[in-house]
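Enquirer: Below is final-v1.cif; it holds mmCIF, C-alpha atoms.
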```cif
data_final
loop_
_atom_site.label_atom_id
_atom_site.label_comp_id
_atom_site.auth_asym_id
_atom_site.auth_seq_id
_atom_site.Cartn_x
_atom_site.Cartn_y
_atom_site.Cartn_z
CA MET A 8 -18.05 -17.41 1.00
CA ALA A 9 -15.41 -15.92 3.30
CA SER A 10 -13.87 -18.37 5.71
CA ASP A 11 -14.18 -17.82 9.45
CA HIS A 12 -10.54 -18.85 9.76
CA TYR A 13 -8.55 -16.91 7.19
CA ASP A 14 -4.98 -18.23 7.03
CA PRO A 15 -2.47 -15.97 5.24
CA GLY A 16 -0.13 -18.95 5.05
CA GLN A 17 -2.49 -20.43 2.46
CA HIS A 18 -0.77 -18.27 -0.17
CA PHE A 19 2.49 -20.16 0.39
CA GLU A 20 3.52 -23.78 -0.03
CA THR A 21 5.25 -25.99 2.52
CA GLN A 22 7.89 -28.62 1.81
CA GLU A 23 9.56 -30.80 4.44
CA ASP A 24 7.85 -28.70 7.12
CA CYS A 25 9.49 -25.52 5.82
CA LEU A 26 7.79 -22.51 4.25
CA VAL A 27 8.35 -22.15 0.51
CA VAL A 28 8.38 -18.82 -1.36
CA GLY A 29 8.53 -18.77 -5.13
CA GLY A 30 9.36 -22.47 -5.23
CA ARG A 31 12.29 -22.06 -2.85
CA SER A 32 12.71 -23.20 0.74
CA LEU A 33 12.85 -20.43 3.32
CA LYS A 34 16.04 -21.95 4.71
CA ASP A 35 17.66 -21.76 1.27
CA ILE A 36 16.52 -18.17 0.81
CA ALA A 37 17.93 -17.25 4.22
CA ALA A 38 21.23 -18.88 3.34
CA GLU A 39 21.41 -16.94 0.08
CA VAL A 40 20.54 -13.61 1.73
CA GLY A 41 23.30 -14.43 4.17
CA ARG A 42 21.79 -12.79 7.22
CA THR A 43 18.61 -12.20 9.11
CA PRO A 44 16.34 -10.34 9.44
CA PHE A 45 15.06 -9.81 5.91
CA TYR A 46 11.94 -9.12 3.93
CA CYS A 47 11.05 -11.60 1.20
CA TYR A 48 8.57 -10.79 -1.56
CA SER A 49 6.96 -13.30 -3.91
CA SER A 50 6.80 -12.27 -7.55
CA ASP A 51 4.41 -15.16 -8.20
CA LEU A 52 1.88 -13.79 -5.72
CA MET A 53 2.11 -10.31 -7.24
CA HIS A 54 1.48 -11.77 -10.69
CA LYS A 55 -1.52 -13.67 -9.32
CA ARG A 56 -2.97 -10.64 -7.58
CA VAL A 57 -2.78 -8.45 -10.68
CA ALA A 58 -4.32 -11.26 -12.77
CA GLU A 59 -7.11 -11.58 -10.20
CA LEU A 60 -7.80 -7.85 -10.48
CA ARG A 61 -7.75 -7.88 -14.28
CA LYS A 62 -10.68 -10.30 -14.17
CA VAL A 63 -12.66 -7.73 -12.17
CA LEU A 64 -11.58 -4.46 -13.77
CA PRO A 65 -13.38 -3.66 -17.04
CA GLU A 66 -11.31 -2.99 -20.12
CA GLY A 67 -10.19 0.61 -20.19
CA LEU A 68 -10.06 1.05 -16.41
CA HIS A 69 -6.37 1.60 -15.66
CA LEU A 70 -4.61 0.04 -12.69
CA HIS A 71 -1.85 2.05 -11.03
CA TYR A 72 0.59 0.94 -8.34
CA ALA A 73 0.87 3.30 -5.35
CA MET A 74 4.59 2.96 -4.66
CA LYS A 75 4.42 4.17 -1.06
CA ALA A 76 3.23 0.68 -0.11
CA ASN A 77 6.58 -0.83 -1.14
CA PRO A 78 9.14 1.18 -3.12
CA MET A 79 11.81 -1.55 -3.34
CA PRO A 80 13.25 -1.01 -6.87
CA ALA A 81 12.88 -4.67 -7.87
CA VAL A 82 9.23 -4.70 -6.76
CA VAL A 83 8.54 -1.46 -8.64
CA SER A 84 10.20 -2.82 -11.79
CA LEU A 85 8.10 -5.97 -11.63
CA LEU A 86 4.82 -4.17 -11.04
CA ASN A 87 5.60 -1.55 -13.66
CA SER A 88 5.55 -4.40 -16.19
CA LEU A 89 2.14 -5.57 -14.93
CA VAL A 90 0.13 -2.40 -14.29
CA ASP A 91 -0.77 0.69 -16.32
CA GLY A 92 0.99 3.37 -14.31
CA LEU A 93 2.70 4.38 -11.08
CA ASP A 94 1.77 6.81 -8.34
CA VAL A 95 4.59 8.35 -6.29
CA ALA A 96 4.62 10.39 -3.09
CA SER A 97 8.15 11.84 -2.97
CA GLY A 98 11.05 12.85 -5.14
CA GLY A 99 12.82 9.67 -4.09
CA GLU A 100 9.94 7.52 -5.26
CA LEU A 101 9.83 9.47 -8.52
CA SER A 102 13.49 8.61 -9.14
CA VAL A 103 12.79 4.92 -8.48
CA ALA A 104 9.74 5.00 -10.79
CA LEU A 105 11.70 6.51 -13.66
CA ALA A 106 14.64 4.14 -13.13
CA ALA A 107 12.18 1.22 -13.25
CA GLY A 108 11.09 2.31 -16.72
CA GLY A 109 7.89 4.07 -15.69
CA ASP A 110 6.34 6.14 -18.50
CA PRO A 111 6.06 9.79 -17.33
CA GLU A 112 2.75 9.96 -19.20
CA HIS A 113 1.40 7.46 -16.67
CA ILE A 114 3.12 8.61 -13.46
CA SER A 115 1.35 10.88 -10.98
CA PHE A 116 2.87 12.64 -7.98
CA ALA A 117 0.77 13.17 -4.84
CA GLY A 118 1.56 14.46 -1.35
CA PRO A 119 0.59 17.51 0.69
CA GLY A 120 4.09 18.96 1.12
CA LYS A 121 6.01 18.78 -2.16
CA SER A 122 9.19 20.83 -2.05
CA ASN A 123 10.24 23.12 -4.89
CA ASP A 124 13.00 20.64 -5.75
CA GLU A 125 10.39 17.89 -6.04
CA LEU A 126 8.13 20.08 -8.18
CA THR A 127 11.11 20.87 -10.39
CA ALA A 128 11.89 17.16 -10.80
CA ALA A 129 8.24 16.43 -11.60
CA VAL A 130 7.93 19.14 -14.25
CA SER A 131 11.29 18.21 -15.76
CA ALA A 132 10.25 14.56 -16.02
CA GLY A 133 6.83 15.43 -17.45
CA VAL A 134 4.79 13.58 -14.83
CA THR A 135 1.37 14.69 -13.59
CA VAL A 136 1.39 16.63 -10.34
CA ASN A 137 -1.68 16.10 -8.16
CA VAL A 138 -1.92 19.62 -6.74
CA GLU A 139 -3.03 19.68 -3.10
CA SER A 140 -3.36 23.42 -2.39
CA GLU A 141 -3.58 26.81 -4.08
CA GLY A 142 -0.12 27.59 -2.71
CA GLU A 143 1.32 24.47 -4.30
CA LEU A 144 -0.25 25.41 -7.64
CA ARG A 145 1.35 28.86 -7.40
CA ARG A 146 4.79 27.35 -6.69
CA LEU A 147 4.31 24.81 -9.47
CA MET A 148 3.60 27.57 -11.97
CA GLU A 149 6.70 29.45 -10.82
CA VAL A 150 8.75 26.31 -11.38
CA GLY A 151 7.21 25.85 -14.81
CA GLY A 152 8.06 29.44 -15.71
CA THR A 153 11.67 29.01 -14.62
CA LEU A 154 12.03 25.80 -16.64
CA GLY A 155 10.09 27.13 -19.63
CA ALA A 156 7.83 24.07 -19.42
CA LYS A 157 4.11 23.52 -19.07
CA PRO A 158 3.33 21.60 -15.88
CA ARG A 159 0.94 18.70 -16.14
CA VAL A 160 -1.64 19.30 -13.40
CA ALA A 161 -4.44 17.33 -11.80
CA ILE A 162 -6.43 18.60 -8.84
CA ARG A 163 -6.49 16.39 -5.77
CA VAL A 164 -9.92 16.90 -4.27
CA ASN A 165 -10.76 16.56 -0.60
CA PRO A 166 -14.33 15.28 -0.99
CA ASP A 167 -17.28 16.11 1.22
CA PHE A 168 -17.70 12.41 2.03
CA GLU A 169 -15.43 9.64 3.32
CA LEU A 170 -14.74 5.96 2.70
CA LYS A 171 -16.70 4.30 5.49
CA SER A 172 -14.93 1.61 7.55
CA SER A 173 -11.51 2.48 6.15
CA GLY A 174 -8.37 1.94 8.19
CA MET A 175 -7.16 5.47 7.45
CA LYS A 176 -9.53 8.20 6.27
CA MET A 177 -7.81 10.38 3.68
CA GLY A 178 -10.81 12.48 2.64
CA GLY A 179 -13.90 14.12 4.11
CA GLY A 180 -13.86 16.78 6.81
CA PRO A 181 -10.79 18.96 7.43
CA LYS A 182 -7.73 17.25 5.92
CA GLN A 183 -4.18 18.11 4.92
CA PHE A 184 -4.78 16.15 1.73
CA GLY A 185 -6.22 17.80 -1.35
CA ILE A 186 -8.30 20.91 -1.92
CA ASP A 187 -11.75 21.05 -0.34
CA ALA A 188 -14.36 20.19 -2.95
CA GLU A 189 -16.24 23.46 -2.43
CA GLN A 190 -13.07 25.46 -3.21
CA VAL A 191 -12.24 23.60 -6.40
CA PRO A 192 -14.63 25.25 -8.92
CA ALA A 193 -13.20 28.75 -8.39
CA LEU A 194 -9.66 27.40 -8.66
CA LEU A 195 -10.51 25.56 -11.87
CA ARG A 196 -11.85 28.76 -13.40
CA ARG A 197 -8.62 30.58 -12.52
CA MET A 198 -6.57 27.78 -14.05
CA ALA A 199 -7.99 28.64 -17.48
CA SER A 200 -5.63 31.63 -17.61
CA LEU A 201 -2.53 29.68 -16.50
CA ASP A 202 0.10 28.16 -18.77
CA LEU A 203 -0.44 24.53 -17.79
CA GLU A 204 -1.74 21.24 -19.12
CA PHE A 205 -4.87 20.33 -17.17
CA ARG A 206 -5.05 16.54 -16.75
CA GLY A 207 -7.99 15.90 -14.46
CA PHE A 208 -8.81 14.91 -10.91
CA HIS A 209 -7.55 12.71 -8.10
CA VAL A 210 -9.91 11.71 -5.29
CA PHE A 211 -8.54 9.38 -2.60
CA CYS A 212 -10.98 8.82 0.26
CA GLY A 213 -9.29 6.22 2.45
CA SER A 214 -7.31 3.02 2.72
CA GLN A 215 -7.40 -0.54 4.12
CA ASN A 216 -11.09 -1.26 3.54
CA LEU A 217 -12.46 -4.82 3.57
CA ARG A 218 -16.09 -3.97 2.71
CA SER A 219 -16.92 -3.97 -0.99
CA GLU A 220 -20.17 -2.08 -0.37
CA ALA A 221 -18.25 0.81 1.22
CA ILE A 222 -15.83 0.95 -1.72
CA ILE A 223 -18.72 0.89 -4.19
CA GLU A 224 -20.45 3.77 -2.39
CA ALA A 225 -17.29 5.88 -2.27
CA GLN A 226 -16.46 5.27 -5.94
CA THR A 227 -19.99 6.15 -7.01
CA LYS A 228 -19.90 9.40 -5.03
CA THR A 229 -16.43 10.14 -6.39
CA LEU A 230 -17.55 9.97 -10.00
CA GLU A 231 -20.62 12.10 -9.24
CA LEU A 232 -18.37 14.70 -7.61
CA VAL A 233 -15.96 14.75 -10.53
CA GLU A 234 -18.84 15.14 -12.98
CA ARG A 235 -19.95 18.28 -11.14
CA LEU A 236 -16.45 19.72 -10.88
CA ALA A 237 -15.64 19.06 -14.54
CA ALA A 238 -18.19 21.72 -15.53
CA ASP A 239 -15.73 24.39 -14.35
CA ALA A 240 -12.55 22.75 -15.64
CA PRO A 241 -10.41 24.67 -18.15
CA SER A 242 -10.64 21.66 -20.49
CA PRO A 243 -12.24 18.21 -20.40
CA PRO A 244 -10.35 15.93 -17.98
CA SER A 245 -8.18 13.26 -19.57
CA THR A 246 -7.67 11.30 -16.32
CA VAL A 247 -9.85 10.65 -13.30
CA ASN A 248 -8.10 8.81 -10.45
CA ILE A 249 -10.82 7.37 -8.21
CA GLY A 250 -8.31 6.16 -5.59
CA GLY A 251 -8.21 2.69 -4.13
CA GLY A 252 -8.73 1.65 -0.56
CA PHE A 253 -8.76 -2.12 -1.15
CA GLY A 254 -7.61 -3.75 2.09
CA ILE A 255 -6.14 -7.08 3.14
CA PRO A 256 -6.96 -9.03 6.33
CA TYR A 257 -4.40 -8.93 9.12
CA PHE A 258 -6.11 -10.04 12.30
CA PRO A 259 -8.54 -12.72 13.59
CA GLY A 260 -12.10 -12.03 12.51
CA GLU A 261 -11.08 -10.15 9.37
CA HIS A 262 -11.90 -11.61 5.96
CA PRO A 263 -10.49 -10.94 2.49
CA LEU A 264 -12.19 -8.27 0.42
CA ASP A 265 -14.86 -9.83 -1.78
CA LEU A 266 -14.07 -8.63 -5.30
CA ALA A 267 -17.15 -10.21 -6.94
CA PRO A 268 -19.57 -7.31 -6.23
CA LEU A 269 -17.06 -4.83 -7.62
CA LYS A 270 -17.13 -6.22 -11.16
CA PRO A 271 -20.69 -5.22 -12.19
CA HIS A 272 -20.31 -1.96 -10.29
CA LEU A 273 -17.12 -1.03 -12.12
CA VAL A 274 -18.64 -1.91 -15.48
CA GLN A 275 -21.50 0.49 -14.74
CA LEU A 276 -19.06 3.11 -13.44
CA MET A 277 -17.08 2.92 -16.68
CA GLN A 278 -20.24 3.29 -18.75
CA THR A 279 -21.28 6.33 -16.74
CA ALA A 280 -17.84 7.86 -17.09
CA GLN A 281 -17.84 7.35 -20.85
CA GLU A 282 -21.21 9.11 -21.08
CA LYS A 283 -20.56 11.97 -18.66
CA LEU A 284 -16.79 12.41 -19.09
CA PRO A 285 -16.01 11.34 -22.66
CA GLY A 286 -12.31 10.98 -23.32
CA ALA A 287 -11.37 10.60 -19.65
CA THR A 288 -9.38 7.56 -18.53
CA LEU A 289 -10.55 6.13 -15.22
CA ILE A 290 -7.74 5.03 -12.88
CA THR A 291 -7.78 3.01 -9.68
CA GLU A 292 -4.70 3.33 -7.50
CA LEU A 293 -3.76 0.36 -5.33
CA GLY A 294 -0.73 -0.31 -3.15
CA ARG A 295 -1.22 -2.58 -0.16
CA PHE A 296 -3.66 -4.80 -2.09
CA LEU A 297 -1.02 -5.58 -4.73
CA VAL A 298 1.93 -6.32 -2.45
CA GLY A 299 0.81 -6.78 1.16
CA GLU A 300 0.07 -10.50 1.10
CA ALA A 301 3.05 -11.21 -1.18
CA GLY A 302 5.61 -10.29 1.49
CA ILE A 303 6.93 -11.86 4.67
CA TYR A 304 9.33 -10.60 7.34
CA VAL A 305 11.83 -13.18 8.57
CA CYS A 306 13.89 -12.97 11.74
CA ARG A 307 15.93 -15.52 13.68
CA VAL A 308 15.55 -16.65 17.29
CA ILE A 309 18.75 -15.71 19.11
CA ASP A 310 17.58 -16.58 22.63
CA ARG A 311 14.77 -18.39 24.37
CA LYS A 312 13.86 -17.59 27.94
CA VAL A 313 11.03 -18.16 30.41
CA SER A 314 10.05 -15.31 32.70
CA ARG A 315 7.58 -16.20 35.44
CA GLY A 316 6.01 -18.85 33.30
CA GLN A 317 5.87 -16.88 30.04
CA VAL A 318 8.01 -17.99 27.08
CA PHE A 319 9.92 -15.24 25.28
CA LEU A 320 11.52 -15.81 21.88
CA ILE A 321 14.11 -13.08 21.49
CA THR A 322 14.92 -12.42 17.84
CA ASP A 323 17.28 -10.30 15.80
CA GLY A 324 14.27 -8.47 14.32
CA GLY A 325 11.98 -5.90 15.84
CA LEU A 326 9.97 -2.71 15.58
CA HIS A 327 12.93 -0.86 14.03
CA HIS A 328 12.40 -3.06 10.95
CA HIS A 329 8.65 -3.70 11.13
CA LEU A 330 6.91 -0.96 13.06
CA ALA A 331 3.46 -2.03 11.87
CA ALA A 332 3.80 -5.54 13.33
CA SER A 333 4.72 -4.06 16.71
CA GLY A 334 1.35 -2.28 16.78
CA ASN A 335 2.88 1.19 16.64
CA PHE A 336 1.82 2.14 13.11
CA GLY A 337 -1.85 3.04 13.17
CA GLN A 338 -3.25 0.44 15.57
CA ILE A 339 -5.38 1.75 18.43
CA LEU A 340 -5.48 -1.58 20.22
CA ARG A 341 -2.45 -3.77 19.57
CA LYS A 342 -3.13 -6.99 17.65
CA ASN A 343 -0.76 -9.72 16.50
CA TYR A 344 0.25 -10.06 12.89
CA PRO A 345 -0.08 -13.70 11.78
CA ALA A 346 3.16 -15.51 12.61
CA VAL A 347 4.70 -18.96 12.26
CA VAL A 348 8.01 -20.69 12.85
CA GLY A 349 8.97 -20.85 9.20
CA ASN A 350 11.10 -23.99 9.47
CA LYS A 351 8.55 -25.82 11.68
CA MET A 352 5.31 -25.19 9.84
CA ARG A 353 3.13 -28.18 10.77
CA GLN A 354 5.01 -30.73 12.83
CA GLY A 355 6.10 -30.92 16.44
CA PRO A 356 4.64 -29.60 19.71
CA ARG A 357 3.19 -26.13 20.02
CA GLU A 358 3.20 -23.50 22.74
CA SER A 359 2.18 -19.95 23.57
CA ALA A 360 5.15 -17.60 23.21
CA SER A 361 5.85 -13.88 22.94
CA VAL A 362 8.14 -12.85 20.08
CA VAL A 363 10.30 -9.85 20.91
CA GLY A 364 13.25 -8.07 19.36
CA PRO A 365 16.64 -6.95 20.69
CA LEU A 366 15.70 -3.34 21.45
CA CYS A 367 15.74 -1.84 24.93
CA THR A 368 12.05 -0.96 25.00
CA PRO A 369 8.93 -2.95 25.93
CA LEU A 370 7.38 -1.67 22.68
CA ASP A 371 9.62 -4.08 20.76
CA LEU A 372 6.96 -6.76 20.60
CA LEU A 373 6.31 -8.66 17.37
CA GLY A 374 3.89 -11.21 18.83
CA ASP A 375 2.19 -11.28 22.22
CA ARG A 376 1.45 -14.83 23.49
CA VAL A 377 1.18 -16.26 19.99
CA GLU A 378 0.42 -19.94 19.38
CA LEU A 379 3.56 -21.25 17.65
CA ALA A 380 5.60 -24.37 17.14
CA CYS A 381 8.10 -24.74 19.98
CA ALA A 382 11.07 -22.70 18.78
CA GLU A 383 14.74 -22.84 19.70
CA GLU A 384 17.79 -20.74 18.94
CA GLY A 385 18.37 -20.55 15.19
CA ASP A 386 14.73 -21.09 14.16
CA LEU A 387 13.14 -18.64 11.74
CA ILE A 388 10.12 -16.58 12.78
CA VAL A 389 7.92 -15.44 9.89
CA LEU A 390 5.41 -12.59 9.98
CA PHE A 391 2.89 -12.75 7.14
CA GLN A 392 1.07 -9.80 5.49
CA SER A 393 4.34 -7.86 5.49
CA GLY A 394 4.72 -6.80 1.86
CA ALA A 395 3.32 -3.29 2.40
CA TYR A 396 4.38 -0.52 4.78
CA GLY A 397 7.14 -2.63 6.27
CA LEU A 398 10.75 -1.53 5.97
CA THR A 399 10.20 2.02 4.71
CA ALA A 400 7.56 2.74 7.36
CA SER A 401 9.90 1.73 10.20
CA PRO A 402 12.52 3.61 12.28
CA ILE A 403 15.45 1.59 10.97
CA ASN A 404 18.07 3.76 12.72
CA PHE A 405 16.54 3.28 16.17
CA LEU A 406 19.28 2.04 18.53
CA SER A 407 21.66 1.74 15.56
CA HIS A 408 21.05 -1.91 14.70
CA PRO A 409 21.80 -2.91 11.10
CA PRO A 410 18.95 -2.64 8.56
CA PRO A 411 17.20 -5.77 7.27
CA GLY A 412 17.78 -7.27 3.86
CA GLU A 413 15.19 -7.37 1.06
CA VAL A 414 14.79 -9.96 -1.64
CA LEU A 415 12.31 -10.55 -4.44
CA VAL A 416 11.94 -14.20 -5.46
#
```
Kindly transcribe the structure held in the file into structure tokens.

Expert:
Amino acid sequence: MASDHYDPGQHFETQEDCLVVGGRSLKDIAAEVGRTPFYCYSSDLMHKRVAELRKVLPEGLHLHYAMKANPMPAVVSLLNSLVDGLDVASGGELSVALAAGGDPEHISFAGPGKSNDELTAAVSAGVTVNVESEGELRRLMEVGGTLGAKPRVAIRVNPDFELKSSGMKMGGGPKQFGIDAEQVPALLRRMASLDLEFRGFHVFCGSQNLRSEAIIEAQTKTLELVERLAADAPSPPSTVNIGGGFGIPYFPGEHPLDLAPLKPHLVQLMQTAQEKLPGATLITELGRFLVGEAGIYVCRVIDRKVSRGQVFLITDGGLHHHLAASGNFGQILRKNYPAVVGNKMRQGPRESASVVGPLCTPLDLLGDRVELACAEEGDLIVLFQSGAYGLTASPINFLSHPPPGEVLV
């Protein structure tokens, strides 16, 4: 049963009232990094999350890491050793994936605006390009002709349904992502005359979903859609990427995704795929779910002040490093990320305080009237659930402060 009081700190140990990551005290990690702020990612928690998923995913269902969630090279190298493939969304991510030892056979490249340089890099590396428009397919074929190489192509489909209750809807209705499902059959028939290697389909409906029943419904509809589309394909699909969408809880009232109902569903989905799409490898693509809870953002209190009765903890971190925690990355109504004073985890008096950064804008708010241990200058503020869409989703050059560090422990 899901707890009514989900505590993201439960994933981490505490020793001598200090947070511990990977068996090491936060204070020791901060000393080794040599500066604050920094992001810290736990390799142990990533191992545990993948192991947890392997118990749910049936044999033969491939697990890919969507690198856009966290493209830190050390994180990608670790996850590349644990999962079955990588999904990239830019030429930069492709370079990181290849440098991390990713097998081009199991790397796919998505994104609605791939440049010709990116298409050239993808064809040269031999990765699968998830084509998102007829124009992109035309440019991809021109690149293939110039290189004298056969592009590996999958069709990203914009389905005629959506992932209900998802944080961001990536499919259904008019979208910049993928080719509308009703336009795909004609395109597939034209592809039969093109000099390419047809790989299959990619259907990504949405992200950040905490309802297993919604994920089950979307995956079922996805496979049904692919079965229909495959009838017009130039060859039987060898891969079918059914997307991901698995979310993690961030705010009060949210509960972890219950994986238990997914196991029998995925077993049935695999059986159906083997019957209807023999030879096709089913892939689920996850990013935030693999890394989000494994990461923390750490900043240091540089000043403490009281303004008309309200305590402000002014830190060396802020929205330029962690836009999502400030509420300016997809939130409609701002909510606080879970936060603690990392070197005062359980002991001592507590108070309501607002955690802000050094930037000259009222938007630089990391915690609004949060219940925390009483903090002083030099204490370490920790924001949990920060392993995904943290540093690389933030305006790090805003006001020209130095970037944060990153460390994998």

Enquirer: Skip A:Gly185 itself and residues of its chain fewer than 6 positions away, then list as a list in words all residues within 7 Å of it, counting all atoms listed in the file.

Expert: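 Residues near the query, excluding close chain neighbours: Glu139, Ser140, Arg163, Val164 and Asn165 of chain A.
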
Enquirer: Please enumerate the residues selected by the PyMOL selection byres ((chain A and resi 400) around 10) when evaluated against the supplied file, formatted as JSON, numbers by chain.

Expert: {"A": [75, 76, 77, 327, 328, 329, 330, 331, 336, 395, 396, 397, 398, 399, 401, 402, 403]}

Enquirer: Identify which of the residues A:Ser97, A:Gln190, A:Thr291, A:Gln281 lies closest to A:Ile249, counting all atoms listed in the file when measuring atom-to-atom distances.

Expert: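 Between A:Ser97, A:Gln190, A:Thr291, A:Gln281, the residue approaching A:Ile249 most closely is A:Thr291.
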
Enquirer: Hey, what comes out of the PyMOL selection byres ((chain A and resi 290) around 8) on this file? Could you write it as a PyMOL selection string?

Expert: chain A and resi 68-71+246-250+288-289+291-292

Enquirer: Got a sec: who's within 6 Å of A:Ser115, counting only C-alpha atoms, leaving out chain neighbours fewer than 4 positions off, as a compact mmCIF listing (two decimals) with C-alpha atoms, in the frame of the given file?

Expert:
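Output (part-v4.txt):
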```
# COMPACT_ATOMS: atom_id res chain seq x y z
CA ASP A 94 1.77 6.81 -8.34
CA VAL A 134 4.79 13.58 -14.83
CA THR A 135 1.37 14.69 -13.59
CA VAL A 136 1.39 16.63 -10.34
```

Enquirer: Could you give me, as JSON, numbers by chain, the residues that have an atom at most 9 Å away from the point (14.5, 12.4, -11.8) in the coordinates of the file, using all atoms listed in the file?

Expert: {"A": [98, 99, 101, 102, 103, 104, 105, 106, 125, 128, 129, 131, 132]}

Enquirer: Mind pulling up the distance from atom CA of A:Phe205 to atom CA of A:Gly155?

Expert: 16.6 Å

Enquirer: Residues at most 10 Å from stretch 338-352 of chain A, counting only C-alpha atoms, excluding those fewer than 3 positions away in the same chain, as number ranges by chain?

Expert: A: 14-16, 21-27, 32-34, 174, 256-259, 303-308, 331-335, 355-357, 362, 372-383, 385-393

Enquirer: Return as a list in words the set of residues that the PyMOL selection byres ((chain A and resi 244) around 6) yields on the displayed structure.

Expert: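 Selection result, ordered by chain and number: Arg206, Gly207, Pro243, Ser245, Thr246 and Ala287 of chain A.
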
Enquirer: Keeping C-alpha atoms for every residue in the selection just given, could you write it to a file as a short mmCIF file (atom, residue, chain, number, x, y, z; two decimals), in the frame of the given file?

Expert:
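Generated file (out.cif):
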```
data_model
loop_
_atom_site.label_atom_id
_atom_site.label_comp_id
_atom_site.auth_asym_id
_atom_site.auth_seq_id
_atom_site.Cartn_x
_atom_site.Cartn_y
_atom_site.Cartn_z
CA ARG A 206 -5.05 16.54 -16.75
CA GLY A 207 -7.99 15.90 -14.46
CA PRO A 243 -12.24 18.21 -20.40
CA SER A 245 -8.18 13.26 -19.57
CA THR A 246 -7.67 11.30 -16.32
CA ALA A 287 -11.37 10.60 -19.65
#
```

Enquirer: If I take atom CA of A:Met277 and atom CA of A:Gly67, how far is one from the other in Å, to one decimal?

Expert: 8.1 Å

Enquirer: Of the candidates A:Leu52, A:Val90, A:Leu293, A:Val274, which shows the shortest atom-to-atom distance to A:Phe211, using only C-alpha atoms?

Expert: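 Checking each candidate against A:Phe211, we get A:Leu293 as the closest.
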
Enquirer: Using all atoms listed in the file, can you tell me which of A:Gly109, A:Pro268, A:Gly120, A:Pro263 comes closest to A:Val63?

Expert: A:Pro268

Enquirer: Name all residues at most 9 Å from A:Val191 (count all atoms listed in the file; drop same-chain ones fewer than 3 positions away) and give them as number ranges by chain.

Expert: A: 162, 164, 186-188, 194-196, 236, 239

Enquirer: Would you list the contacts of A:Lys270 as a ChimeraX atom specification, taking every protein, DNA or RNA residue within 9 Å and counting only C-alpha atoms, but skipping same-chain residues closer than 4 positions in sequence?

Expert: /A:62-65,266,274-275

Enquirer: When you count all atoms listed in the file, which of these residues is closest to A:Gln17: A:Glu112, A:Ser50, A:Ala301, A:Glu231?

Expert: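 Closest candidate: A:Ala301.
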
Enquirer: Atom CA of A:Phe45 to atom CA of A:Cys367: how many Å, to one decimal?

Expert: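 Spanning atom CA of A:Phe45 to atom CA of A:Cys367 is a straight-line distance of 20.6 Å.
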
Enquirer: Which of these, A:Ser49, A:Thr43, A:Ser214, A:Asn404, has the shortest distance to A:Gly302 once you count all atoms listed in the file?

Expert: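 Of the candidates, the smallest distance to A:Gly302 is held by A:Ser49.
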
Enquirer: Rank A:Tyr46, A:Tyr13, A:Phe19, A:Phe253 by their smallest atom-to-atom distance to A:Pro411, using all atoms listed in the file, and report the top residue only.

Expert: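 Smallest separation from A:Pro411 among the options: A:Tyr46.
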
Enquirer: Report, as JSON, the centre and edge lengths in Å (one decimal) of the axis-aligned box enclosing every listed atom of stretch 351-361 of chain A, padded by 3 Å on each side.

Expert:
```
{"center_x": 5.4, "center_y": -22.4, "center_z": 16.7, "size_x": 12.4, "size_y": 23.0, "size_z": 19.7}
```
